[in-house]
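S.K.: Just input.txt, nothing more (compact mmCIF, C-alpha atoms):
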# COMPACT_ATOMS: atom_id res chain seq x y z
CA MET A 1310 -33.15 77.96 81.35
CA SER A 1311 -33.15 81.70 82.00
CA GLY A 1312 -29.82 83.12 83.13
CA THR A 1313 -27.90 79.84 82.97
CA ALA A 1314 -25.32 80.51 80.23
CA GLN A 1315 -21.90 81.86 81.22
CA ILE A 1316 -21.36 83.29 77.74
CA GLY A 1317 -23.30 83.77 74.52
CA VAL A 1318 -22.33 83.88 70.86
CA THR A 1319 -24.34 85.66 68.19
CA GLY A 1320 -23.32 85.15 64.57
CA LEU A 1321 -22.94 81.44 63.91
CA ALA A 1322 -21.01 81.30 60.66
CA VAL A 1323 -17.87 79.16 60.70
CA MET A 1324 -15.84 81.24 63.18
CA GLY A 1325 -18.74 81.95 65.53
CA ARG A 1326 -19.92 78.34 65.45
CA ASN A 1327 -16.47 76.96 66.23
CA LEU A 1328 -15.83 79.49 68.98
CA ALA A 1329 -19.15 78.54 70.60
CA ARG A 1330 -18.20 74.88 70.38
CA ASN A 1331 -14.81 75.62 71.94
CA PHE A 1332 -16.45 77.32 74.93
CA ALA A 1333 -18.87 74.40 75.31
CA ARG A 1334 -16.10 71.81 75.04
CA ASN A 1335 -14.34 73.58 77.89
CA GLY A 1336 -17.27 73.25 80.23
CA TYR A 1337 -19.15 76.51 79.72
CA THR A 1338 -22.87 76.73 79.03
CA VAL A 1339 -23.19 78.73 75.80
CA ALA A 1340 -26.23 80.68 74.65
CA LEU A 1341 -26.63 80.71 70.86
CA HIS A 1342 -28.19 83.29 68.58
CA ASN A 1343 -28.19 83.91 64.86
CA ARG A 1344 -30.16 86.21 62.58
CA THR A 1345 -31.48 83.09 60.83
CA THR A 1346 -32.51 80.46 63.35
CA ALA A 1347 -31.68 77.62 60.96
CA ARG A 1348 -27.97 77.96 61.79
CA THR A 1349 -28.73 77.79 65.49
CA ARG A 1350 -30.71 74.57 65.00
CA GLU A 1351 -27.99 73.09 62.79
CA LEU A 1352 -25.32 73.72 65.40
CA VAL A 1353 -27.30 72.07 68.17
CA GLU A 1354 -28.34 69.14 65.96
CA SER A 1355 -24.78 68.52 64.75
CA PHE A 1356 -22.71 69.32 67.83
CA GLY A 1357 -25.11 69.34 70.78
CA ASP A 1358 -23.31 66.40 72.34
CA GLU A 1359 -20.12 68.45 72.75
CA GLY A 1360 -21.42 70.49 75.68
CA ALA A 1361 -24.24 72.59 77.06
CA PHE A 1362 -25.91 74.92 74.56
CA VAL A 1363 -28.94 77.16 75.03
CA PRO A 1364 -30.45 77.88 71.59
CA THR A 1365 -32.48 81.08 71.35
CA GLY A 1366 -34.67 82.58 68.68
CA SER A 1367 -34.69 86.29 69.52
CA ALA A 1368 -32.42 88.98 70.94
CA GLU A 1369 -34.55 89.18 74.08
CA GLU A 1370 -34.44 85.45 74.64
CA PHE A 1371 -30.68 85.41 74.03
CA VAL A 1372 -29.98 88.12 76.60
CA ALA A 1373 -32.31 86.48 79.12
CA ALA A 1374 -30.35 83.24 78.84
CA LEU A 1375 -27.12 84.86 80.06
CA GLU A 1376 -25.84 85.00 83.62
CA ARG A 1377 -25.05 88.43 85.07
CA PRO A 1378 -22.80 90.13 84.32
CA ARG A 1379 -23.76 89.11 80.81
CA ARG A 1380 -21.00 88.27 78.32
CA LEU A 1381 -22.14 88.50 74.71
CA VAL A 1382 -19.75 87.64 71.87
CA ILE A 1383 -20.43 89.18 68.44
CA MET A 1384 -19.08 87.21 65.46
CA VAL A 1385 -20.33 89.13 62.42
CA LYS A 1386 -18.77 91.12 59.58
CA ALA A 1387 -16.81 94.21 60.53
CA GLY A 1388 -18.24 97.68 59.96
CA ALA A 1389 -21.94 98.43 59.67
CA PRO A 1390 -23.10 94.87 60.51
CA THR A 1391 -21.24 95.04 63.83
CA ASP A 1392 -22.79 98.43 64.63
CA ALA A 1393 -26.23 97.05 63.78
CA VAL A 1394 -25.83 94.11 66.16
CA ILE A 1395 -24.57 96.38 68.93
CA GLU A 1396 -27.60 98.64 68.52
CA GLU A 1397 -29.87 95.60 68.65
CA PHE A 1398 -28.47 94.25 71.89
CA ALA A 1399 -27.19 97.25 73.87
CA PRO A 1400 -30.67 98.47 74.89
CA LEU A 1401 -31.34 95.05 76.41
CA LEU A 1402 -28.22 95.08 78.59
CA GLU A 1403 -27.47 96.54 81.99
CA PRO A 1404 -24.48 98.34 83.51
CA GLY A 1405 -21.61 95.92 84.01
CA ASP A 1406 -22.57 93.67 81.08
CA GLN A 1407 -20.04 93.02 78.31
CA ILE A 1408 -20.25 93.09 74.53
CA ILE A 1409 -17.28 91.28 73.03
CA ASP A 1410 -16.45 91.85 69.35
CA GLY A 1411 -14.44 88.91 68.00
CA GLY A 1412 -14.42 90.13 64.39
CA ASN A 1413 -11.65 91.87 62.45
CA ALA A 1414 -12.77 95.39 63.33
CA HIS A 1415 -10.71 98.48 62.61
CA PHE A 1416 -9.26 99.56 65.94
CA GLU A 1417 -10.59 103.11 65.58
CA ASP A 1418 -14.12 101.70 65.31
CA THR A 1419 -13.46 99.68 68.44
CA ARG A 1420 -12.28 102.79 70.29
CA ARG A 1421 -15.47 104.61 69.27
CA ARG A 1422 -17.72 101.75 70.30
CA GLU A 1423 -15.92 101.31 73.61
CA ARG A 1424 -16.31 105.00 74.41
CA GLU A 1425 -19.99 105.12 73.47
CA LEU A 1426 -20.91 101.98 75.39
CA ARG A 1427 -18.85 103.01 78.42
CA GLU A 1428 -21.12 106.02 78.74
CA ARG A 1429 -24.01 103.57 79.07
CA GLY A 1430 -22.20 101.49 81.69
CA ILE A 1431 -21.55 98.60 79.27
CA HIS A 1432 -18.08 97.14 78.78
CA PHE A 1433 -17.05 96.80 75.14
CA VAL A 1434 -14.18 94.40 74.52
CA GLY A 1435 -12.54 94.30 71.09
CA VAL A 1436 -10.89 90.91 70.71
CA GLY A 1437 -8.49 89.83 68.00
CA VAL A 1438 -8.85 86.10 67.29
CA SER A 1439 -6.12 84.34 65.32
CA GLY A 1440 -6.00 80.79 64.04
CA GLY A 1441 -8.83 80.61 61.55
CA GLU A 1442 -11.69 78.15 61.88
CA GLU A 1443 -9.46 75.36 63.24
CA GLY A 1444 -7.99 77.69 65.83
CA ALA A 1445 -11.41 78.91 66.88
CA LEU A 1446 -12.39 75.31 67.61
CA HIS A 1447 -9.19 73.85 69.04
CA GLY A 1448 -7.50 76.91 70.56
CA PRO A 1449 -6.89 80.33 69.03
CA SER A 1450 -4.48 83.08 69.94
CA ILE A 1451 -6.68 85.72 71.55
CA MET A 1452 -5.94 89.45 71.84
CA PRO A 1453 -8.49 91.21 74.10
CA GLY A 1454 -8.58 94.94 74.68
CA GLY A 1455 -11.06 96.84 76.81
CA SER A 1456 -11.05 97.66 80.49
CA ALA A 1457 -9.02 95.79 83.07
CA GLU A 1458 -12.28 95.25 84.96
CA SER A 1459 -13.81 93.38 82.03
CA TYR A 1460 -10.75 91.13 81.80
CA ASP A 1461 -11.15 90.14 85.44
CA THR A 1462 -14.24 88.09 84.56
CA LEU A 1463 -13.71 87.40 80.85
CA GLY A 1464 -9.97 86.66 80.98
CA PRO A 1465 -10.16 83.28 82.74
CA MET A 1466 -12.64 82.06 80.13
CA LEU A 1467 -10.41 83.18 77.26
CA GLU A 1468 -7.37 81.62 78.90
CA LYS A 1469 -9.20 78.30 79.12
CA ILE A 1470 -10.18 78.16 75.43
CA ALA A 1471 -6.97 79.67 74.01
CA ALA A 1472 -4.08 77.80 72.45
CA LYS A 1473 -1.34 76.85 74.89
CA ALA A 1474 2.42 77.34 74.57
CA ALA A 1475 4.75 74.41 75.16
CA ASP A 1476 4.95 75.28 78.86
CA GLY A 1477 1.16 75.47 79.15
CA THR A 1478 0.92 79.26 79.12
CA PRO A 1479 -2.34 80.33 77.42
CA CYS A 1480 -1.92 82.38 74.24
CA THR A 1481 -3.89 85.34 75.52
CA ALA A 1482 -3.41 88.34 77.80
CA HIS A 1483 -5.03 91.69 78.41
CA ILE A 1484 -3.48 93.77 75.62
CA GLY A 1485 -4.61 97.20 76.80
CA PRO A 1486 -7.53 99.65 76.82
CA ASP A 1487 -10.23 100.29 74.21
CA GLY A 1488 -8.95 99.33 70.72
CA ALA A 1489 -5.63 97.77 71.77
CA GLY A 1490 -6.67 94.19 71.02
CA HIS A 1491 -7.83 94.97 67.50
CA PHE A 1492 -4.76 97.15 66.89
CA VAL A 1493 -2.48 94.21 67.72
CA LYS A 1494 -4.58 91.93 65.50
CA MET A 1495 -4.11 94.43 62.65
CA VAL A 1496 -0.33 94.31 63.11
CA HIS A 1497 -0.52 90.51 63.31
CA ASN A 1498 -2.43 90.39 60.02
CA GLY A 1499 0.11 92.68 58.34
CA ILE A 1500 2.95 90.35 59.35
CA GLU A 1501 0.99 87.30 58.21
CA TYR A 1502 0.20 88.78 54.79
CA ALA A 1503 3.86 89.79 54.35
CA ASP A 1504 4.84 86.18 55.10
CA MET A 1505 2.35 84.95 52.51
CA GLN A 1506 3.76 87.36 49.93
CA LEU A 1507 7.29 86.16 50.72
CA ILE A 1508 6.25 82.53 50.24
CA ALA A 1509 4.57 83.36 46.91
CA GLU A 1510 7.60 85.25 45.63
CA ALA A 1511 9.99 82.49 46.76
CA TYR A 1512 7.87 79.94 44.90
CA HIS A 1513 7.89 82.12 41.78
CA LEU A 1514 11.69 82.48 41.84
CA LEU A 1515 12.29 78.77 42.44
CA ARG A 1516 9.90 77.82 39.65
CA SER A 1517 10.69 80.49 37.04
CA VAL A 1518 14.38 81.24 37.66
CA ALA A 1519 15.81 78.09 39.24
CA GLY A 1520 13.53 75.84 37.17
CA TYR A 1521 12.53 73.63 40.09
CA PRO A 1522 9.53 71.33 39.57
CA PRO A 1523 6.72 71.67 42.13
CA GLY A 1524 7.81 68.57 44.05
CA LYS A 1525 11.32 69.90 44.59
CA ILE A 1526 9.93 73.30 45.65
CA ALA A 1527 7.74 71.54 48.22
CA GLU A 1528 10.76 69.67 49.57
CA THR A 1529 12.77 72.90 49.73
CA PHE A 1530 10.01 74.60 51.70
CA ARG A 1531 9.88 71.64 54.09
CA GLU A 1532 13.62 71.96 54.68
CA TRP A 1533 13.33 75.72 55.26
CA ASN A 1534 10.52 75.09 57.68
CA GLY A 1535 12.57 72.49 59.56
CA ASP A 1536 16.30 72.80 60.16
CA GLY A 1537 16.83 75.86 57.92
CA SER A 1538 18.98 74.12 55.27
CA THR A 1539 18.11 74.68 51.61
CA ARG A 1540 20.39 72.43 49.47
CA ILE A 1541 20.01 74.81 46.54
Turn this file's structure into structure tokens for me.

M.R.:
Amino acid sequence: MSGTAQIGVTGLAVMGRNLARNFARNGYTVALHNRTTARTRELVESFGDEGAFVPTGSAEEFVAALERPRRLVIMVKAGAPTDAVIEEFAPLLEPGDQIIDGGNAHFEDTRRRERELRERGIHFVGVGVSGGEEGALHGPSIMPGGSAESYDTLGPMLEKIAAKAADGTPCTAHIGPDGAGHFVKMVHNGIEYADMQLIAEAYHLLRSVAGYPPGKIAETFREWNGDGSTRI
């Protein structure tokens, strides 16, 4: 099945596995690769009926399974592990191919990687992915950076697997060049963590100062999350 997969995913922990399944559920043939082949086998054995997967056992086999221009999604830990995977695969790619980093990379690292790979003719696309493991499977919010040229071919695929707004608009767009996607994801994470801190502090005040039992706090949060009334 050489050259039959429209996209490939390497790094099949929870996020990578679910993202691969999302692509397959939406009609794409997905090449699979993982440092330990057991995870690749487990994915195919458990979810092979969800779509077309091409399991591979080596970097060379993985790259060979991809259509040109190749689109290779990296779903590994940020930092040195991402650099290691890039160095493993970049020598096997050709000008015009794409390496897509879906991890939580620091945007300055993404800018460096994009610059270095651009010199080799390879598109590097830093993509923020929001929604956790459920979002990765059922429809995440996706924040791709990189070149406009890379979005021409990758964008329609991301739009198909992304979450949809009430009017059907996909929750993705080309954010901007080099590290723009990961920069926006960083801002997104800062807002999210501030919201979590606010919820924790509100719970603490309702429990310790107002003396509410947990059940009443839960009901209060439900009201805040609905019509905005509090009844305090």

S.K.: Smallest atom-to-atom distance to Ser1450 of chain A: which of A:His1497, A:Arg1330, A:Arg1424, A:His1415, using all atoms listed in the file?

M.R.: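 Checking each candidate against Ser1450 of chain A, we get A:His1497 as the closest.
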
S.K.: So that I can check the surroundings of Phe1371 of chain A, please list as number ranges by chain every protein, DNA and RNA residue that reaches within 7 Å of it, counting all atoms listed in the file and ignoring chain neighbours fewer than 3 positions away.

M.R.: A: 1340-1342, 1365, 1367-1368, 1374

S.K.: How far is it from atom CA of Ser1439 of chain A to atom CA of Val1493 of chain A, in Å with one decimal?

M.R.: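 Spanning atom CA of Ser1439 of chain A to atom CA of Val1493 of chain A is a straight-line distance of 10.8 Å.
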
S.K.: Nearest to Ile1316 of chain A among A:Val1353, A:Ala1474, A:Met1505, A:Leu1463, with distances taken over only C-alpha atoms: which residue is it?

M.R.: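 Once distances to Ile1316 of chain A are computed over only C-alpha atoms, the minimum belongs to A:Leu1463.
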
S.K.: Skipping near chain neighbours, those fewer than 5 positions away, what residues fall within 6 Å of segment 1428-1437 of chain A using all atoms listed in the file, listed as a ChimeraX atom specification?

M.R.: /A:1404-1411,1423,1451-1455,1490-1491,1494

S.K.: Save the residues we just selected, C-alpha atoms, as a short mmCIF file (atom, residue, chain, number, x, y, z; two decimals), keeping the file's coordinate frame?

M.R.:
data_model
loop_
_atom_site.label_atom_id
_atom_site.label_comp_id
_atom_site.auth_asym_id
_atom_site.auth_seq_id
_atom_site.Cartn_x
_atom_site.Cartn_y
_atom_site.Cartn_z
CA PRO A 1404 -24.48 98.34 83.51
CA GLY A 1405 -21.61 95.92 84.01
CA ASP A 1406 -22.57 93.67 81.08
CA GLN A 1407 -20.04 93.02 78.31
CA ILE A 1408 -20.25 93.09 74.53
CA ILE A 1409 -17.28 91.28 73.03
CA ASP A 1410 -16.45 91.85 69.35
CA GLY A 1411 -14.44 88.91 68.00
CA GLU A 1423 -15.92 101.31 73.61
CA ILE A 1451 -6.68 85.72 71.55
CA MET A 1452 -5.94 89.45 71.84
CA PRO A 1453 -8.49 91.21 74.10
CA GLY A 1454 -8.58 94.94 74.68
CA GLY A 1455 -11.06 96.84 76.81
CA GLY A 1490 -6.67 94.19 71.02
CA HIS A 1491 -7.83 94.97 67.50
CA LYS A 1494 -4.58 91.93 65.50
#

S.K.: Between atom CA of Ala1314 of chain A and atom CA of Arg1326 of chain A, what distance in Å does the model show, to one decimal?

M.R.: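 Calculated distance between atom CA of Ala1314 of chain A and atom CA of Arg1326 of chain A is 15.9 Å.
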
S.K.: Go through A:Ala1333, A:Ala1471, A:Ala1482, A:Asp1392 one by one, measure the shortest atom-to-atom distance of each to Gly1444 of chain A using all atoms listed in the file, and give the residue with the smallest value.

M.R.: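 Result for the nearest residue to Gly1444 of chain A: A:Ala1471.
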
S.K.: Can you tell me how far atom CA of Arg1421 of chain A sits from atom CA of Met1495 of chain A, in Å to one decimal?

M.R.: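 For atom CA of Arg1421 of chain A relative to atom CA of Met1495 of chain A, the distance reads 16.6 Å.
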
S.K.: Find the residues around Leu1375 of chain A up to 6 Å (only C-alpha atoms counted), leave out those fewer than 2 positions away in its own chain, and share them as a PyMOL selection string.

M.R.: chain A and resi 1312-1314+1372-1373+1379

S.K.: For Ala1472 of chain A, which residue out of A:Gly1440, A:Glu1417, A:Ala1399, A:Asn1327 is the nearest one, using only C-alpha atoms?

M.R.: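 Looking only at the distances to Ala1472 of chain A, the closest residue turns out to be A:Gly1440.
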
S.K.: From the list A:Asn1498, A:Glu1442, A:Leu1426, A:Thr1481, which residue is nearest Lys1469 of chain A when using only C-alpha atoms?

M.R.: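 Closest residue, counting only C-alpha atoms: A:Thr1481.
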
S.K.: Please determine, counting only C-alpha atoms, which residue among A:Val1382, A:Gly1388, A:Arg1377, A:Ser1517 has the shortest atom-to-atom distance to Leu1402 of chain A.

M.R.: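 Smallest distance to Leu1402 of chain A is found for A:Arg1377.
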
S.K.: Could you work out an axis-aligned box for segment 1457-1465 of chain A, taking every atom the file lists and adding 8 Å on each side, and report centre and edge lengths in Å to one decimal, as lines of an AutoDock Vina configuration file?

M.R.:
center_x = -11.6
center_y = 89.5
center_z = 83.1
size_x = 21.2
size_y = 28.5
size_z = 20.6

S.K.: Which polymer residues have any atom within 10 Å of an atom of Gly1366 of chain A, counting all atoms listed in the file, with same-chain residues fewer than 5 positions away left out, as a VMD selection string?

M.R.: chain A and resid 1341 to 1347 1349 to 1350 1371
